[in-house]
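Colleague: My questions all concern the structure below.
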Amino acid sequence: MAKFDYNKILQWLAYILKCPVCGQKYNADQTKVIDSGEDKPVNSRSLLVHTDCERCKSSVVFSIAIDGPEIFSIGMVTDLTSQDTSKFKNREPITSDEVLATHEFLRTFDGDFKSALRK
Ligand SMILES: [Zn+2]
């Protein structure tokens with residue numbers, strides 16, 4: 001089985017990926033692999049990579065799918081830090097019922113977080 005060289009991939013990512021907000025090229029030091037997809041076969045992996053832009057300070061999460069010789073990447077601007085991304089990556093999506101419940105809660109919320117969080 002071929003070895004997956006993360007350093008090479010990170011260098012390549014830092015070389016090709018640019019900040020979608022300001023166009024700055026990413027620095028490999030600010031690029032972290034959150035999920036390496038190690039449980040999948042080497043020629044059909046997907047990686048989750050988090051980067052911080054040193055110029056405009058925005059963060060982007062890239063989902064990178066490797067399918068044999070083809071590599072696809074989707075970037076999404078985020079306010080999550082790399083720690084947040086690790087924390088939330090396997091969480092279930094928020095349901096529409098949860099959104100409605102939050103809306104109902106906020107409709108009558110008086111702004112007192114201290115007592116709301118104590119409940
Ligand atoms: Zn930027």
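Identifiers in this document derive from the order of the structure tokens: chains are assigned A, B, ..., residues are numbered from 1 separately in each chain, and ligands are numbered from 1 in order of occurrence.
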Contacts of Asp35 (chain A) at 10 Å or less, counting only C-alpha atoms, minus same-chain residues fewer than 6 places along, as a compact mmCIF listing (two decimals) with C-alpha atoms, in the first residue's frame?
Modeller:
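Written output follows (out-v9.txt):
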# COMPACT_ATOMS: atom_id res chain seq x y z
CA SER A 46 -10.80 13.10 1.77
CA LEU A 47 -8.96 15.57 3.94
CA LEU A 48 -10.29 18.39 6.05
CA VAL A 49 -7.80 21.24 6.21
CA HIS A 50 -8.03 24.48 8.20
CA SER A 63 -12.46 19.80 2.04
CA THR A 85 -13.14 22.61 13.52
CA SER A 86 -11.82 19.45 15.19
CA LYS A 89 -16.42 18.02 12.51
Colleague: For the structure I just gave you, how does DSSP split region 41-81 of chain A - specifically, which residues are strand (DSSP E or B)? Reply as a list in words.
Modeller: Ser44, Arg45, Ser46, Leu47, Leu48, Val49, His50, Thr51, Asp52, Ser59, Val60, Val61, Phe62, Ser63, Ile64, Ala65, Ile66, Asp67, Glu70, Ile71, Phe72, Ser73, Ile74, Gly75, Met76, Val77 and Thr78 of chain A
Colleague: Show which residues sit within 12 Å of Arg55 (chain A), as a list in words. Count only C-alpha atoms, and ignore same-chain residues fewer than 2 positions away.
Modeller: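 Once the nearby chain positions are removed, what remains is Lys18, Cys19, Pro20, Val21, Cys22, Gly23, Gln24, Lys25, Tyr26, Asn27, Gln30, Thr51, Asp52, Cys53, Lys57, Ser58 and Ser59 of chain A.
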Colleague: Compile the contact shell of Lys40 (chain A) as a list in words: residues with an atom at most 12 Å away, counting only C-alpha atoms, same-chain residues fewer than 3 positions apart removed.
Modeller: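 Answer for this query is Phe4, Asp35, Ser36, Gly37, Asn43, Ser44, Arg45, Ser46, Leu47, Ala65, Ile66 and Asp67 of chain A.
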Colleague: Return the single residue from A:Glu92, A:Val33, A:Phe105, A:Thr81 that is closest to Ile64 (chain A), with distances computed using only C-alpha atoms.
Modeller: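 Smallest distance to Ile64 (chain A) is found for A:Val33.
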Colleague: Counting only C-alpha atoms and all ligand atoms, which of A:Ala14, A:Ala28, A:Val60, A:Ile34 gets nearest to ligand 1?
Modeller: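 Nearest candidate to ligand 1 out of A:Ala14, A:Ala28, A:Val60, A:Ile34: A:Val60.
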Colleague: As a PyMOL selection string, please: every residue in chain A that a backbone DSSP assignment puts in alpha helix (DSSP H).
Modeller: chain A and resi 6-16+82-88+96-108+113-118
Colleague: Mind writing the picked residues with N, CA and C atoms as an mmCIF file, in the first residue's frame?
Modeller:
data_model
loop_
_atom_site.group_PDB
_atom_site.id
_atom_site.type_symbol
_atom_site.label_atom_id
_atom_site.label_comp_id
_atom_site.auth_asym_id
_atom_site.auth_seq_id
_atom_site.Cartn_x
_atom_site.Cartn_y
_atom_site.Cartn_z
ATOM 1 N N TYR A 6 1.799 13.336 4.065
ATOM 2 C CA TYR A 6 1.070 14.553 4.462
ATOM 3 C C TYR A 6 1.890 15.811 4.292
ATOM 4 N N ASN A 7 3.194 15.705 4.574
ATOM 5 C CA ASN A 7 4.022 16.899 4.434
ATOM 6 C C ASN A 7 4.029 17.399 2.996
ATOM 7 N N LYS A 8 4.120 16.437 2.081
ATOM 8 C CA LYS A 8 4.114 16.792 0.665
ATOM 9 C C LYS A 8 2.764 17.433 0.300
ATOM 10 N N ILE A 9 1.680 16.844 0.807
ATOM 11 C CA ILE A 9 0.353 17.369 0.514
ATOM 12 C C ILE A 9 0.183 18.770 1.102
ATOM 13 N N LEU A 10 0.659 18.959 2.332
ATOM 14 C CA LEU A 10 0.552 20.280 2.960
ATOM 15 C C LEU A 10 1.351 21.327 2.196
ATOM 16 N N GLN A 11 2.538 20.939 1.752
ATOM 17 C CA GLN A 11 3.355 21.878 0.972
ATOM 18 C C GLN A 11 2.652 22.235 -0.330
ATOM 19 N N TRP A 12 2.076 21.206 -0.951
ATOM 20 C CA TRP A 12 1.365 21.423 -2.211
ATOM 21 C C TRP A 12 0.155 22.325 -1.978
ATOM 22 N N LEU A 13 -0.572 22.057 -0.869
ATOM 23 C CA LEU A 13 -1.766 22.869 -0.564
ATOM 24 C C LEU A 13 -1.380 24.319 -0.323
ATOM 25 N N ALA A 14 -0.318 24.514 0.462
ATOM 26 C CA ALA A 14 0.111 25.874 0.758
ATOM 27 C C ALA A 14 0.535 26.574 -0.534
ATOM 28 N N TYR A 15 1.031 25.798 -1.490
ATOM 29 C CA TYR A 15 1.474 26.367 -2.754
ATOM 30 C C TYR A 15 0.286 26.785 -3.631
ATOM 31 N N ILE A 16 -0.748 25.945 -3.683
ATOM 32 C CA ILE A 16 -1.853 26.248 -4.605
ATOM 33 C C ILE A 16 -3.007 27.012 -3.963
ATOM 34 N N SER A 82 -8.997 26.277 14.295
ATOM 35 C CA SER A 82 -8.698 24.883 13.960
ATOM 36 C C SER A 82 -9.168 23.953 15.089
ATOM 37 N N GLN A 83 -9.103 24.413 16.359
ATOM 38 C CA GLN A 83 -9.605 23.591 17.474
ATOM 39 C C GLN A 83 -11.119 23.405 17.372
ATOM 40 N N ASP A 84 -11.830 24.506 17.028
ATOM 41 C CA ASP A 84 -13.287 24.417 16.865
ATOM 42 C C ASP A 84 -13.632 23.429 15.761
ATOM 43 N N THR A 85 -12.862 23.482 14.666
ATOM 44 C CA THR A 85 -13.142 22.614 13.522
ATOM 45 C C THR A 85 -13.019 21.148 13.926
ATOM 46 N N SER A 86 -11.974 20.830 14.710
ATOM 47 C CA SER A 86 -11.819 19.447 15.193
ATOM 48 C C SER A 86 -13.001 19.069 16.071
ATOM 49 N N LYS A 87 -13.408 20.022 16.911
ATOM 50 C CA LYS A 87 -14.479 19.748 17.872
ATOM 51 C C LYS A 87 -15.814 19.478 17.169
ATOM 52 N N PHE A 88 -16.107 20.244 16.108
ATOM 53 C CA PHE A 88 -17.441 20.163 15.497
ATOM 54 C C PHE A 88 -17.520 19.254 14.277
ATOM 55 N N SER A 96 -33.983 21.692 11.810
ATOM 56 C CA SER A 96 -34.873 22.848 11.683
ATOM 57 C C SER A 96 -35.657 23.064 12.982
ATOM 58 N N ASP A 97 -35.966 21.980 13.717
ATOM 59 C CA ASP A 97 -36.652 22.123 15.009
ATOM 60 C C ASP A 97 -35.787 22.905 15.999
ATOM 61 N N GLU A 98 -34.476 22.656 15.982
ATOM 62 C CA GLU A 98 -33.580 23.382 16.885
ATOM 63 C C GLU A 98 -33.518 24.864 16.519
ATOM 64 N N VAL A 99 -33.543 25.149 15.219
ATOM 65 C CA VAL A 99 -33.532 26.551 14.769
ATOM 66 C C VAL A 99 -34.815 27.240 15.226
ATOM 67 N N LEU A 100 -35.956 26.546 15.051
ATOM 68 C CA LEU A 100 -37.241 27.122 15.477
ATOM 69 C C LEU A 100 -37.276 27.331 16.986
ATOM 70 N N ALA A 101 -36.755 26.356 17.747
ATOM 71 C CA ALA A 101 -36.743 26.477 19.211
ATOM 72 C C ALA A 101 -35.885 27.670 19.630
ATOM 73 N N THR A 102 -34.763 27.882 18.949
ATOM 74 C CA THR A 102 -33.898 29.022 19.262
ATOM 75 C C THR A 102 -34.611 30.330 18.941
ATOM 76 N N HIS A 103 -35.306 30.339 17.792
ATOM 77 C CA HIS A 103 -36.073 31.523 17.409
ATOM 78 C C HIS A 103 -37.127 31.841 18.472
ATOM 79 N N GLU A 104 -37.853 30.816 18.913
ATOM 80 C CA GLU A 104 -38.879 31.010 19.941
ATOM 81 C C GLU A 104 -38.260 31.532 21.242
ATOM 82 N N PHE A 105 -37.112 30.961 21.592
ATOM 83 C CA PHE A 105 -36.429 31.378 22.816
ATOM 84 C C PHE A 105 -36.006 32.848 22.721
ATOM 85 N N LEU A 106 -35.407 33.204 21.563
ATOM 86 C CA LEU A 106 -34.883 34.570 21.416
ATOM 87 C C LEU A 106 -35.995 35.611 21.340
ATOM 88 N N ARG A 107 -37.178 35.195 20.900
ATOM 89 C CA ARG A 107 -38.300 36.131 20.773
ATOM 90 C C ARG A 107 -38.657 36.781 22.120
ATOM 91 N N THR A 108 -38.520 35.981 23.184
ATOM 92 C CA THR A 108 -38.876 36.522 24.499
ATOM 93 C C THR A 108 -37.671 36.704 25.410
ATOM 94 N N PHE A 113 -28.075 36.494 30.008
ATOM 95 C CA PHE A 113 -27.430 35.200 29.764
ATOM 96 C C PHE A 113 -27.128 34.456 31.058
ATOM 97 N N LYS A 114 -26.814 35.210 32.120
ATOM 98 C CA LYS A 114 -26.475 34.560 33.395
ATOM 99 C C LYS A 114 -27.587 33.630 33.848
ATOM 100 N N SER A 115 -28.816 34.133 33.861
ATOM 101 C CA SER A 115 -29.899 33.269 34.341
ATOM 102 C C SER A 115 -30.296 32.239 33.273
ATOM 103 N N ALA A 116 -30.165 32.588 31.978
ATOM 104 C CA ALA A 116 -30.530 31.633 30.920
ATOM 105 C C ALA A 116 -29.605 30.426 30.933
ATOM 106 N N LEU A 117 -28.313 30.647 31.154
ATOM 107 C CA LEU A 117 -27.346 29.538 31.119
ATOM 108 C C LEU A 117 -27.388 28.711 32.405
ATOM 109 N N ARG A 118 -27.987 29.261 33.461
ATOM 110 C CA ARG A 118 -28.065 28.529 34.719
ATOM 111 C C ARG A 118 -29.161 27.458 34.657
#
Colleague: Grab the CA of Phe62 (chain A) to CA of Lys32 (chain A) distance for me, in Å with one decimal place.
Modeller: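 Answer for the CA of Phe62 (chain A) to CA of Lys32 (chain A) separation: 10.2 Å.
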Colleague: When distances are computed from only C-alpha atoms, which of A:Gly68, A:Ser73, A:Thr95, A:Leu80 shows the smallest separation from Pro41 (chain A)?
Modeller: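 The answer is A:Gly68, which sits nearest to Pro41 (chain A).
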Colleague: One decimal, in Å: what's the spacing between CA of Asn90 (chain A) and CA of Glu38 (chain A)?
Modeller: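 Computed distance, CA of Asn90 (chain A) to CA of Glu38 (chain A), equals 14.9 Å.
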